[in-house]
Amino acid sequence: MPPLNTSTVTPEEVAEVVPAGVEDVFDIQVDRTENFIANGLVSHNTRWHEQDLAGMLLATEPDVWRRTNIPAVAQPGIPDVLGREPGAVMVSANGFTAEVFAARRRSSGERAWNAMYQGVPSAPEGDLIKQAWFDAWRLPCAPAGAVKTVVAVDPSDSGQGDEAGILAVSLTSEGVCAVIADVSAPMTSDAWAKAAVKLAVQVGASEIAVEAFAARETYSRVLREALKAEGVSRPVKVTAWPPKGSGRGGGDALARSSALLQALEVGTCRLAGRFDEFERAATTWQAGQHQPDRLAALVVGHDVLVHSIGQGWDFATPGDAVLEGGRPRLAAITGGGSTSPAPQGAWWEQQLG
């Protein structure tokens with residue numbers, strides 16, 4: 001018989017079952033992964049994560065391994081080697097019917113149902129974050145005339161090349177946050193700082209915000225040094241998130257993400273274009289799992305931009321006379337309070353037309 005990874009699977013009808021006595025059987029369980037290689041086959045009962053043994057082999061050696069999956073109930077988006085119509089229920093040796101499977105699904109919850117009965121670590125439509133949200137609100141390209149753009153960073157902590165989440169996010173005049181770039185990748189601390197600075201230059205970001213629950217000063221210093229080394233001529237602010245004393249960023253990853261999840265669902269946070277790796281990581285994230293670094297970076301970027309809404313800017317004409325106390329005369333104030341504009345000098349007219 002040829003190995004299963006090169007042969008086809010042909011279902012055969014069971015013609016007869018003959019009692020053959022009772023023998024001891026054994027269950028092999030591997031901690032955490034719950035799957036193992038047995039004579040060239042990856043054996044598993046449940047898949048709790050996309051990057052378990054089966055997932056890694058399929059991703060790194062797709063021409064060597066073939067996936068054989070028979071879900072309890074055929075469902076669009078879930079591989080079924082038998083090619084059944086959606087809704088078809090597998091023949092169960094335990095006598096489980098469609099009603100029994102439906103009850104199991106209700107009692108176990110979606111995550112356990114998909115892992116234990118469907119052979120997938122997450123629902124195809126997404127778990128905490130739905131693919132439909134991205135598709136419904138997707139922008140064709142980066143929005144023009146952004147009010148503010150920030151590069152958000154979830155740094156790699158080990159310094160040995162684990163993934164760093166690095167996204168560029170823009171705020172539109174309508175108050176919508178748009179993801180416009182994703183350069184996340186496995187990086188060392190020096191590499192992610194350089195990548196964040198280069199992205200800030202590329203997209204015209206005015207701020208780089210880095211998640212800094214640990215090593216706050218170190219992360220900020222590394223970014224400032226990278227800005228200096230890159231020779232960035234315009235001001236780019238480096239901030240550590242969450243701001244000290246702000247009360248933001250509390251709780252676990254799910255709690256910190258609650259505002260972002262709502263924004264993704266209702267469309268006040270959108271993707272400008274397609275970001276396949278980000279979307280895959282976001283839609284497969286489940287409660288209790290490590291939050292994908294790309295998604296953690298978006299939590300930072302979204303929070304920074306949302307809290308910048310309503311901030312004011314003072315514009316002064318440096319060529320005009322100064323007021324008492326050495327403060328320049330205000331030409332205009334936008335976004336905060338009101339004042340009567342002062343006479344505008346030649347510098348103002350030249351810059352703003």
# chains A, B, ... in the order shown; residues from 1 in each chain; ligands from 1
$ select_by_dssp --residues "range 192-309 of chain A" --states "alpha helix (DSSP H)" --output "tab-separated table (two decimals) with N, CA and C atoms, in the first residue's frame"
chain	number	residue	atom	x	y	z
A	192	TRP	N	13.72	45.28	14.85
A	192	TRP	CA	12.35	45.82	14.87
A	192	TRP	C	12.35	47.33	15.03
A	193	ALA	N	13.32	47.87	15.75
A	193	ALA	CA	13.40	49.33	15.89
A	193	ALA	C	13.69	49.98	14.54
A	194	LYS	N	14.63	49.42	13.78
A	194	LYS	CA	14.96	49.95	12.46
A	194	LYS	C	13.77	49.83	11.52
A	195	ALA	N	13.07	48.69	11.58
A	195	ALA	CA	11.91	48.50	10.71
A	195	ALA	C	10.81	49.49	11.03
A	196	ALA	N	10.60	49.77	12.32
A	196	ALA	CA	9.57	50.72	12.72
A	196	ALA	C	9.90	52.12	12.23
A	197	VAL	N	11.16	52.51	12.34
A	197	VAL	CA	11.58	53.84	11.90
A	197	VAL	C	11.44	53.97	10.38
A	198	LYS	N	11.87	52.96	9.65
A	198	LYS	CA	11.76	53.00	8.19
A	198	LYS	C	10.30	53.09	7.76
A	199	LEU	N	9.43	52.37	8.45
A	199	LEU	CA	8.01	52.43	8.12
A	199	LEU	C	7.45	53.82	8.42
A	200	ALA	N	7.88	54.41	9.54
A	200	ALA	CA	7.41	55.75	9.89
A	200	ALA	C	7.81	56.76	8.82
A	201	VAL	N	9.02	56.64	8.31
A	201	VAL	CA	9.48	57.53	7.24
A	201	VAL	C	8.66	57.29	5.98
A	202	GLN	N	8.42	56.04	5.67
A	202	GLN	CA	7.71	55.68	4.44
A	202	GLN	C	6.28	56.21	4.41
A	203	VAL	N	5.58	56.11	5.54
A	203	VAL	CA	4.16	56.49	5.57
A	203	VAL	C	3.93	57.90	6.11
A	216	ARG	N	10.20	49.68	29.58
A	216	ARG	CA	9.66	50.91	28.98
A	216	ARG	C	10.76	51.84	28.49
A	217	GLU	N	11.72	52.14	29.37
A	217	GLU	CA	12.78	53.07	29.01
A	217	GLU	C	13.69	52.49	27.94
A	218	THR	N	13.95	51.20	28.02
A	218	THR	CA	14.83	50.56	27.04
A	218	THR	C	14.24	50.61	25.65
A	219	TYR	N	12.96	50.25	25.52
A	219	TYR	CA	12.31	50.27	24.21
A	219	TYR	C	12.30	51.67	23.62
A	220	SER	N	11.99	52.66	24.45
A	220	SER	CA	11.96	54.04	23.97
A	220	SER	C	13.34	54.49	23.51
A	221	ARG	N	14.36	54.12	24.29
A	221	ARG	CA	15.72	54.51	23.93
A	221	ARG	C	16.16	53.86	22.62
A	222	VAL	N	15.84	52.57	22.45
A	222	VAL	CA	16.21	51.87	21.22
A	222	VAL	C	15.59	52.54	20.00
A	223	LEU	N	14.34	52.97	20.13
A	223	LEU	CA	13.68	53.64	19.01
A	223	LEU	C	14.28	55.01	18.73
A	224	ARG	N	14.58	55.76	19.79
A	224	ARG	CA	15.18	57.08	19.58
A	224	ARG	C	16.55	56.95	18.91
A	225	GLU	N	17.31	55.95	19.31
A	225	GLU	CA	18.62	55.72	18.68
A	225	GLU	C	18.46	55.33	17.22
A	226	ALA	N	17.44	54.54	16.92
A	226	ALA	CA	17.19	54.14	15.54
A	226	ALA	C	16.78	55.35	14.69
A	227	LEU	N	15.99	56.25	15.26
A	227	LEU	CA	15.62	57.48	14.55
A	227	LEU	C	16.85	58.33	14.24
A	228	LYS	N	17.73	58.43	15.22
A	228	LYS	CA	18.95	59.21	15.03
A	228	LYS	C	19.85	58.58	13.98
A	229	ALA	N	19.98	57.25	14.03
A	229	ALA	CA	20.83	56.56	13.07
A	229	ALA	C	20.28	56.66	11.66
A	230	GLU	N	18.97	56.70	11.53
A	230	GLU	CA	18.34	56.80	10.21
A	230	GLU	C	18.45	58.21	9.65
A	253	ALA	N	-5.09	40.31	27.70
A	253	ALA	CA	-5.08	40.72	26.30
A	253	ALA	C	-6.48	40.92	25.75
A	254	LEU	N	-7.41	40.06	26.16
A	254	LEU	CA	-8.78	40.19	25.67
A	254	LEU	C	-9.43	41.47	26.18
A	255	ALA	N	-9.19	41.80	27.45
A	255	ALA	CA	-9.75	43.03	28.00
A	255	ALA	C	-9.16	44.25	27.31
A	256	ARG	N	-7.85	44.22	27.05
A	256	ARG	CA	-7.21	45.35	26.37
A	256	ARG	C	-7.72	45.51	24.94
A	258	SER	N	-10.85	44.94	23.86
A	258	SER	CA	-12.30	45.06	23.75
A	258	SER	C	-12.72	46.24	22.87
A	259	ALA	N	-12.07	47.39	23.03
A	259	ALA	CA	-12.44	48.55	22.21
A	259	ALA	C	-12.11	48.30	20.74
A	260	LEU	N	-10.98	47.66	20.49
A	260	LEU	CA	-10.60	47.36	19.10
A	260	LEU	C	-11.58	46.38	18.47
A	261	LEU	N	-11.97	45.34	19.19
A	261	LEU	CA	-12.90	44.36	18.64
A	261	LEU	C	-14.22	45.02	18.26
A	262	GLN	N	-14.69	45.92	19.10
A	262	GLN	CA	-15.93	46.64	18.78
A	262	GLN	C	-15.74	47.51	17.54
A	263	ALA	N	-14.58	48.17	17.45
A	263	ALA	CA	-14.32	49.04	16.30
A	263	ALA	C	-14.23	48.24	15.00
A	264	LEU	N	-13.62	47.06	15.05
A	264	LEU	CA	-13.54	46.22	13.86
A	264	LEU	C	-14.93	45.75	13.42
A	265	GLU	N	-15.78	45.46	14.40
A	265	GLU	CA	-17.12	44.96	14.07
A	265	GLU	C	-17.99	46.05	13.45
A	266	VAL	N	-17.91	47.27	13.98
A	266	VAL	CA	-18.81	48.34	13.51
A	266	VAL	C	-18.19	49.20	12.42
A	276	ASP	N	-3.09	39.41	4.39
A	276	ASP	CA	-3.43	38.00	4.59
A	276	ASP	C	-2.89	37.45	5.90
A	277	GLU	N	-1.63	37.73	6.22
A	277	GLU	CA	-1.05	37.20	7.45
A	277	GLU	C	-1.73	37.79	8.68
A	278	PHE	N	-1.98	39.08	8.64
A	278	PHE	CA	-2.66	39.73	9.76
A	278	PHE	C	-4.07	39.16	9.93
A	279	GLU	N	-4.80	39.03	8.83
A	279	GLU	CA	-6.18	38.54	8.91
A	279	GLU	C	-6.23	37.11	9.41
A	280	ARG	N	-5.29	36.28	8.95
A	280	ARG	CA	-5.26	34.89	9.42
A	280	ARG	C	-4.98	34.84	10.92
A	281	ALA	N	-4.00	35.62	11.36
A	281	ALA	CA	-3.65	35.62	12.78
A	281	ALA	C	-4.80	36.14	13.63
A	282	ALA	N	-5.47	37.19	13.15
A	282	ALA	CA	-6.55	37.80	13.93
A	282	ALA	C	-7.76	36.89	14.05
A	283	THR	N	-8.14	36.25	12.94
A	283	THR	CA	-9.36	35.43	12.96
A	283	THR	C	-9.16	34.08	13.63
A	284	THR	N	-7.92	33.66	13.83
A	284	THR	CA	-7.68	32.39	14.53
A	284	THR	C	-7.34	32.59	16.00
A	293	ASP	N	1.11	38.94	17.71
A	293	ASP	CA	1.85	40.19	17.88
A	293	ASP	C	1.32	41.29	16.96
A	294	ARG	N	0.89	40.92	15.77
A	294	ARG	CA	0.33	41.91	14.84
A	294	ARG	C	-0.93	42.54	15.42
A	295	LEU	N	-1.75	41.70	16.03
A	295	LEU	CA	-2.99	42.20	16.62
A	295	LEU	C	-2.70	43.06	17.85
A	296	ALA	N	-1.72	42.65	18.65
A	296	ALA	CA	-1.33	43.45	19.82
A	296	ALA	C	-0.84	44.83	19.39
A	297	ALA	N	-0.14	44.89	18.25
A	297	ALA	CA	0.32	46.18	17.74
A	297	ALA	C	-0.87	47.06	17.35
A	298	LEU	N	-1.89	46.46	16.75
A	298	LEU	CA	-3.07	47.24	16.36
A	298	LEU	C	-3.82	47.74	17.59
A	299	VAL	N	-3.84	46.97	18.66
A	299	VAL	CA	-4.45	47.44	19.90
A	299	VAL	C	-3.79	48.76	20.33
A	300	VAL	N	-2.47	48.80	20.23
A	300	VAL	CA	-1.72	50.01	20.60
A	300	VAL	C	-2.06	51.16	19.65
A	301	GLY	N	-1.95	50.90	18.34
A	301	GLY	CA	-2.19	51.96	17.37
A	301	GLY	C	-3.60	52.51	17.44
A	302	HIS	N	-4.58	51.63	17.58
A	302	HIS	CA	-5.97	52.07	17.67
A	302	HIS	C	-6.19	52.92	18.91
A	303	ASP	N	-5.65	52.50	20.04
A	303	ASP	CA	-5.84	53.25	21.28
A	303	ASP	C	-5.19	54.63	21.19
A	304	VAL	N	-4.00	54.70	20.63
A	304	VAL	CA	-3.31	55.99	20.50
A	304	VAL	C	-4.11	56.95	19.62
A	305	LEU	N	-4.62	56.46	18.50
A	305	LEU	CA	-5.35	57.33	17.59
A	305	LEU	C	-6.70	57.76	18.16
A	306	VAL	N	-7.40	56.83	18.80
A	306	VAL	CA	-8.70	57.17	19.39
A	306	VAL	C	-8.54	58.26	20.44
$ residues_around --residues "Asp80 in chain A" --least-positions-apart "2" --cutoff "6 Å" --atoms "only C-alpha atoms" --output "PyMOL selection string"
chain A and resi 69-70+82-83
$ write_last_selection --atoms "C-alpha atoms" --output "compact mmCIF listing (two decimals), in the first residue's frame"
# COMPACT_ATOMS: atom_id res chain seq x y z
CA ASN A 69 -9.77 15.50 7.72
CA ILE A 70 -13.24 14.10 8.35
CA LEU A 82 -15.16 12.62 1.85
CA GLY A 83 -16.45 15.61 -0.10
$ residues_around --residues "range 162-177 of chain A" --least-positions-apart "4" --cutoff "6 Å" --atoms "only C-alpha atoms" --output "JSON list (two decimals) with N, CA and C atoms, in the first residue's frame"
[["chain", "number", "residue", "atom", "x", "y", "z"],
["A", 146, "ALA", "N", -5.00, 61.87, 5.71],
["A", 146, "ALA", "CA", -5.10, 61.38, 7.09],
["A", 146, "ALA", "C", -4.79, 62.49, 8.08],
["A", 147, "VAL", "N", -5.55, 62.52, 9.17],
["A", 147, "VAL", "CA", -5.32, 63.51, 10.23],
["A", 147, "VAL", "C", -4.04, 63.20, 10.99],
["A", 148, "LYS", "N", -3.80, 61.91, 11.24],
["A", 148, "LYS", "CA", -2.61, 61.50, 11.97],
["A", 148, "LYS", "C", -2.29, 60.06, 11.60],
["A", 149, "THR", "N", -1.00, 59.75, 11.52],
["A", 149, "THR", "CA", -0.56, 58.39, 11.27],
["A", 149, "THR", "C", 0.45, 57.99, 12.34],
["A", 150, "VAL", "N", 0.26, 56.81, 12.88],
["A", 150, "VAL", "CA", 1.15, 56.31, 13.92],
["A", 150, "VAL", "C", 1.66, 54.94, 13.52],
["A", 151, "VAL", "N", 2.92, 54.66, 13.84],
["A", 151, "VAL", "CA", 3.46, 53.31, 13.71],
["A", 151, "VAL", "C", 3.38, 52.66, 15.08],
["A", 152, "ALA", "N", 2.68, 51.54, 15.16],
["A", 152, "ALA", "CA", 2.48, 50.85, 16.44],
["A", 152, "ALA", "C", 3.33, 49.59, 16.47],
["A", 153, "VAL", "N", 3.98, 49.35, 17.61],
["A", 153, "VAL", "CA", 4.94, 48.25, 17.72],
["A", 153, "VAL", "C", 4.62, 47.39, 18.93],
["A", 154, "ASP", "N", 4.52, 46.09, 18.70],
["A", 154, "ASP", "CA", 4.54, 45.12, 19.79],
["A", 154, "ASP", "C", 5.90, 44.43, 19.68],
["A", 155, "PRO", "N", 6.87, 44.79, 20.52],
["A", 155, "PRO", "CA", 8.25, 44.34, 20.30],
["A", 155, "PRO", "C", 8.45, 42.86, 20.58],
["A", 156, "SER", "N", 9.46, 42.30, 19.94],
["A", 156, "SER", "CA", 9.87, 40.94, 20.26],
["A", 156, "SER", "C", 10.68, 41.00, 21.54],
["A", 181, "ALA", "N", -0.34, 49.56, 6.60],
["A", 181, "ALA", "CA", 0.88, 48.79, 6.32],
["A", 181, "ALA", "C", 1.15, 47.83, 7.47],
["A", 182, "ASP", "N", 1.74, 46.68, 7.13],
["A", 182, "ASP", "CA", 2.11, 45.67, 8.11],
["A", 182, "ASP", "C", 3.46, 45.10, 7.72],
["A", 183, "VAL", "N", 4.48, 45.35, 8.53],
["A", 183, "VAL", "CA", 5.82, 44.82, 8.26],
["A", 183, "VAL", "C", 6.25, 43.88, 9.38],
["A", 184, "SER", "N", 5.28, 43.29, 10.06],
["A", 184, "SER", "CA", 5.58, 42.38, 11.17],
["A", 184, "SER", "C", 6.38, 41.18, 10.66],
["A", 185, "ALA", "N", 7.32, 40.73, 11.49],
["A", 185, "ALA", "CA", 8.16, 39.59, 11.13],
["A", 185, "ALA", "C", 9.00, 39.21, 12.34],
["A", 186, "PRO", "N", 9.58, 38.00, 12.34],
["A", 186, "PRO", "CA", 10.53, 37.66, 13.40],
["A", 186, "PRO", "C", 11.74, 38.59, 13.33],
["A", 187, "MET", "N", 12.06, 39.25, 14.44],
["A", 187, "MET", "CA", 13.14, 40.23, 14.45],
["A", 187, "MET", "C", 13.81, 40.29, 15.82],
["A", 268, "THR", "N", -15.34, 51.24, 12.56],
["A", 268, "THR", "CA", -14.53, 52.42, 12.87],
["A", 268, "THR", "C", -13.04, 52.10, 12.88],
["A", 269, "CYS", "N", -12.70, 50.83, 12.68],
["A", 269, "CYS", "CA", -11.32, 50.42, 12.41],
["A", 269, "CYS", "C", -11.37, 49.47, 11.22],
["A", 293, "ASP", "N", 1.11, 38.94, 17.71],
["A", 293, "ASP", "CA", 1.85, 40.19, 17.88],
["A", 293, "ASP", "C", 1.32, 41.29, 16.96],
["A", 294, "ARG", "N", 0.89, 40.92, 15.77],
["A", 294, "ARG", "CA", 0.33, 41.91, 14.84],
["A", 294, "ARG", "C", -0.93, 42.54, 15.42],
["A", 297, "ALA", "N", -0.14, 44.89, 18.25],
["A", 297, "ALA", "CA", 0.32, 46.18, 17.74],
["A", 297, "ALA", "C", -0.87, 47.06, 17.35]]
$ closest_residue --among "A:Gly55, A:Pro11, A:Gly251, A:Pro143" --to "Gly273 in chain A" --atoms "only C-alpha atoms"
A:Pro143
$ atom_distance --atom1 "CA of Cys141 in chain A" --atom2 "CA of Ala178 in chain A"
9.4 Å
$ atom_distance --atom1 "CA of Trp48 in chain A" --atom2 "CA of Trp285 in chain A"
10.8 Å
$ closest_residue --among "A:Val14, A:Val179, A:Ser233, A:Thr188" --to "Ala93 in chain A" --atoms "only C-alpha atoms"
A:Val14
$ select_by_dssp --residues "range 105-296 of chain A" --states "strand (DSSP E)" --output "ChimeraX atom specification"
/A:148-154,163-171,177-182,185-186,207-211,237-241,269-271
$ atom_distance --atom1 "CA of Arg138 in chain A" --atom2 "CA of Ala191 in chain A"
30.0 Å
$ closest_residue --among "A:Ile309, A:Ile129, A:Ile180, A:Ala98" --to "Phe275 in chain A" --atoms "only C-alpha atoms"
A:Ile180
$ closest_residue --among "A:Pro76, A:Lys130, A:Ala142, A:Pro292" --to "Ala272 in chain A" --atoms "only C-alpha atoms"
A:Ala142
